[in-house]
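K.L.:
First the structure, which I've put down as structure tokens, then a few questions once you've had a look.
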Amino acid sequence: MKRRRAIWSIALLGGGSLASIGIFKWLDWHKQPDISYFKGQKRLLEALSETIIPATDTPGATEAGVADFILKMVTENMNVVSQNRFIDGLKEVEAYAVDTYGKSYTLCSEEQKNAVMQYFEEKSKPLEGIAGKVQRKVLGDPFFPILKEFTCIGYCTSMVGATQGLAYALVPGRFVGCVPMTSNQKSWATK
């Protein structure tokens, strides 16, 4: 009789603690997002997007204004849960850079920025199989894949990215299904 009561108490305590963690996480995701903090992180967004698409012989993400695009996409086109997850991801990047290198992400060297990006890319990989599909369906995409997606969309749809970073033809002419590639040819901005 005492064993049953002990097992029941342990199960009740474990289930209660799991439920309280779940409720806390749900409340944390559904709180009002800190948009004022987020709008103040334009320099961090510029540094992150410039690490993803750096300036080489073509303009980088900063010159294309990708940080403004990301600010607009997150504040106007994402739901509350996704906004909170994105803002928490930004805070986590900054905290990781400070903990690891003792300085803000924007002040890190290129190698340190790449190491931080590599860490978050590894961290954001989904689980294998059905568990990964369930994780993405229930929790949504993590911070880093959304950042990469918004950076690429913002760059490729900007005037600078479409005309200088990609091959741009205002009126491409007739459709040719198979065109031989030349060396160092850019991807097409118009399709």
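Please note that chains go A, B, ... in the order of the structure tokens, that every chain numbers its residues from 1, and that ligands are numbered from 1 in the order shown.
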Extract, using only C-alpha atoms, all DNA, RNA and protein residues at most 12 Å from segment 123-136 of chain A, discarding same-chain residues fewer than 3 positions from it, and format them as a list in words.

P.N.:
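So, after excluding close chain neighbours, the residues are Gly89, Glu92, Val93, Val116, Met117, Gln118, Tyr119, Phe120, Leu139, Gly140, Asp141, Pro142, Phe143, Phe144, Pro145, Ile146, Leu147 and Lys148 of chain A.
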
K.L.:
Go ahead and save the picked residues with N, CA, C and O atoms, as a PDB file, in the first residue's frame.

P.N.:
```pdb
ATOM      1  N   GLY A  89      15.556  34.548 -30.036  1.00  0.00           N
ATOM      2  CA  GLY A  89      16.729  34.099 -30.775  1.00  0.00           C
ATOM      3  C   GLY A  89      17.782  35.182 -30.888  1.00  0.00           C
ATOM      4  O   GLY A  89      18.978  34.921 -30.745  1.00  0.00           O
ATOM      5  N   GLU A  92      19.449  35.460 -27.622  1.00  0.00           N
ATOM      6  CA  GLU A  92      20.318  34.310 -27.401  1.00  0.00           C
ATOM      7  C   GLU A  92      21.632  34.443 -28.171  1.00  0.00           C
ATOM      8  O   GLU A  92      22.700  34.099 -27.663  1.00  0.00           O
ATOM      9  N   VAL A  93      21.564  34.973 -29.401  1.00  0.00           N
ATOM     10  CA  VAL A  93      22.787  35.199 -30.180  1.00  0.00           C
ATOM     11  C   VAL A  93      23.690  36.182 -29.456  1.00  0.00           C
ATOM     12  O   VAL A  93      24.898  35.961 -29.320  1.00  0.00           O
ATOM     13  N   VAL A 116      29.909  31.764 -34.335  1.00  0.00           N
ATOM     14  CA  VAL A 116      28.593  31.926 -33.700  1.00  0.00           C
ATOM     15  C   VAL A 116      27.503  31.426 -34.646  1.00  0.00           C
ATOM     16  O   VAL A 116      26.581  30.711 -34.244  1.00  0.00           O
ATOM     17  N   MET A 117      27.611  31.791 -35.916  1.00  0.00           N
ATOM     18  CA  MET A 117      26.628  31.333 -36.908  1.00  0.00           C
ATOM     19  C   MET A 117      26.635  29.815 -37.030  1.00  0.00           C
ATOM     20  O   MET A 117      25.580  29.191 -37.117  1.00  0.00           O
ATOM     21  N   GLN A 118      27.814  29.224 -37.034  1.00  0.00           N
ATOM     22  CA  GLN A 118      27.921  27.768 -37.122  1.00  0.00           C
ATOM     23  C   GLN A 118      27.263  27.105 -35.918  1.00  0.00           C
ATOM     24  O   GLN A 118      26.571  26.098 -36.054  1.00  0.00           O
ATOM     25  N   TYR A 119      27.468  27.669 -34.733  1.00  0.00           N
ATOM     26  CA  TYR A 119      26.856  27.126 -33.518  1.00  0.00           C
ATOM     27  C   TYR A 119      25.338  27.149 -33.631  1.00  0.00           C
ATOM     28  O   TYR A 119      24.667  26.149 -33.339  1.00  0.00           O
ATOM     29  N   PHE A 120      24.771  28.264 -34.068  1.00  0.00           N
ATOM     30  CA  PHE A 120      23.307  28.364 -34.138  1.00  0.00           C
ATOM     31  C   PHE A 120      22.730  27.555 -35.295  1.00  0.00           C
ATOM     32  O   PHE A 120      21.602  27.091 -35.215  1.00  0.00           O
ATOM     33  N   LEU A 139       6.091  23.607 -32.904  1.00  0.00           N
ATOM     34  CA  LEU A 139       6.876  24.735 -32.429  1.00  0.00           C
ATOM     35  C   LEU A 139       7.195  25.761 -33.516  1.00  0.00           C
ATOM     36  O   LEU A 139       7.580  26.881 -33.215  1.00  0.00           O
ATOM     37  N   GLY A 140       7.074  25.386 -34.781  1.00  0.00           N
ATOM     38  CA  GLY A 140       7.442  26.284 -35.863  1.00  0.00           C
ATOM     39  C   GLY A 140       8.934  26.216 -36.125  1.00  0.00           C
ATOM     40  O   GLY A 140       9.677  25.465 -35.502  1.00  0.00           O
ATOM     41  N   ASP A 141       9.361  27.044 -37.076  1.00  0.00           N
ATOM     42  CA  ASP A 141      10.785  27.075 -37.415  1.00  0.00           C
ATOM     43  C   ASP A 141      11.573  27.774 -36.324  1.00  0.00           C
ATOM     44  O   ASP A 141      11.107  28.751 -35.742  1.00  0.00           O
ATOM     45  N   PRO A 142      12.794  27.324 -36.060  1.00  0.00           N
ATOM     46  CA  PRO A 142      13.654  28.022 -35.103  1.00  0.00           C
ATOM     47  C   PRO A 142      14.116  29.370 -35.654  1.00  0.00           C
ATOM     48  O   PRO A 142      13.877  29.716 -36.812  1.00  0.00           O
ATOM     49  N   PHE A 143      14.819  30.112 -34.838  1.00  0.00           N
ATOM     50  CA  PHE A 143      15.273  31.458 -35.172  1.00  0.00           C
ATOM     51  C   PHE A 143      16.179  31.487 -36.395  1.00  0.00           C
ATOM     52  O   PHE A 143      15.981  32.281 -37.316  1.00  0.00           O
ATOM     53  N   PHE A 144      17.181  30.640 -36.431  1.00  0.00           N
ATOM     54  CA  PHE A 144      18.215  30.749 -37.454  1.00  0.00           C
ATOM     55  C   PHE A 144      17.706  30.488 -38.872  1.00  0.00           C
ATOM     56  O   PHE A 144      18.045  31.245 -39.783  1.00  0.00           O
ATOM     57  N   PRO A 145      16.903  29.447 -39.127  1.00  0.00           N
ATOM     58  CA  PRO A 145      16.381  29.281 -40.497  1.00  0.00           C
ATOM     59  C   PRO A 145      15.509  30.451 -40.954  1.00  0.00           C
ATOM     60  O   PRO A 145      15.548  30.831 -42.120  1.00  0.00           O
ATOM     61  N   ILE A 146      14.761  31.044 -40.042  1.00  0.00           N
ATOM     62  CA  ILE A 146      13.946  32.205 -40.404  1.00  0.00           C
ATOM     63  C   ILE A 146      14.849  33.383 -40.750  1.00  0.00           C
ATOM     64  O   ILE A 146      14.603  34.104 -41.719  1.00  0.00           O
ATOM     65  N   LEU A 147      15.908  33.583 -39.972  1.00  0.00           N
ATOM     66  CA  LEU A 147      16.858  34.659 -40.253  1.00  0.00           C
ATOM     67  C   LEU A 147      17.493  34.473 -41.629  1.00  0.00           C
ATOM     68  O   LEU A 147      17.581  35.420 -42.418  1.00  0.00           O
ATOM     69  N   LYS A 148      17.920  33.256 -41.946  1.00  0.00           N
ATOM     70  CA  LYS A 148      18.526  32.999 -43.253  1.00  0.00           C
ATOM     71  C   LYS A 148      17.521  33.209 -44.379  1.00  0.00           C
ATOM     72  O   LYS A 148      17.859  33.801 -45.410  1.00  0.00           O
TER      73      LYS A 148
END
```

K.L.:
Please list as a ChimeraX atom specification every residue within 10 Å of Tyr105 of chain A, counting only C-alpha atoms and excluding residues in the same chain fewer than 6 positions away.

P.N.:
/A:43-44,47-48,93-98,112-113,116

K.L.:
DSSP on the backbone: which residues in segment 105-187 of chain A end up as alpha helix (DSSP H)? Give the answer as an MDAnalysis selection string.

P.N.:
chainID A and resid 110:123 129:139 143:156 159:160

K.L.:
Go through A:Ser104, A:Ser36, A:Ser82, A:Ser158 and flag the residue nearest Asp68 of chain A, using only C-alpha atoms for the distances.

P.N.:
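Of the candidates, the smallest distance to Asp68 of chain A is held by A:Ser158.
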
K.L.:
Please determine, counting only C-alpha atoms, which residue among A:Gly165, A:Gly65, A:Pro54, A:Gly40 has the shortest atom-to-atom distance to Leu90 of chain A.

P.N.:
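Going through A:Gly165, A:Gly65, A:Pro54, A:Gly40 one by one, the smallest distance to Leu90 of chain A is for A:Gly40.
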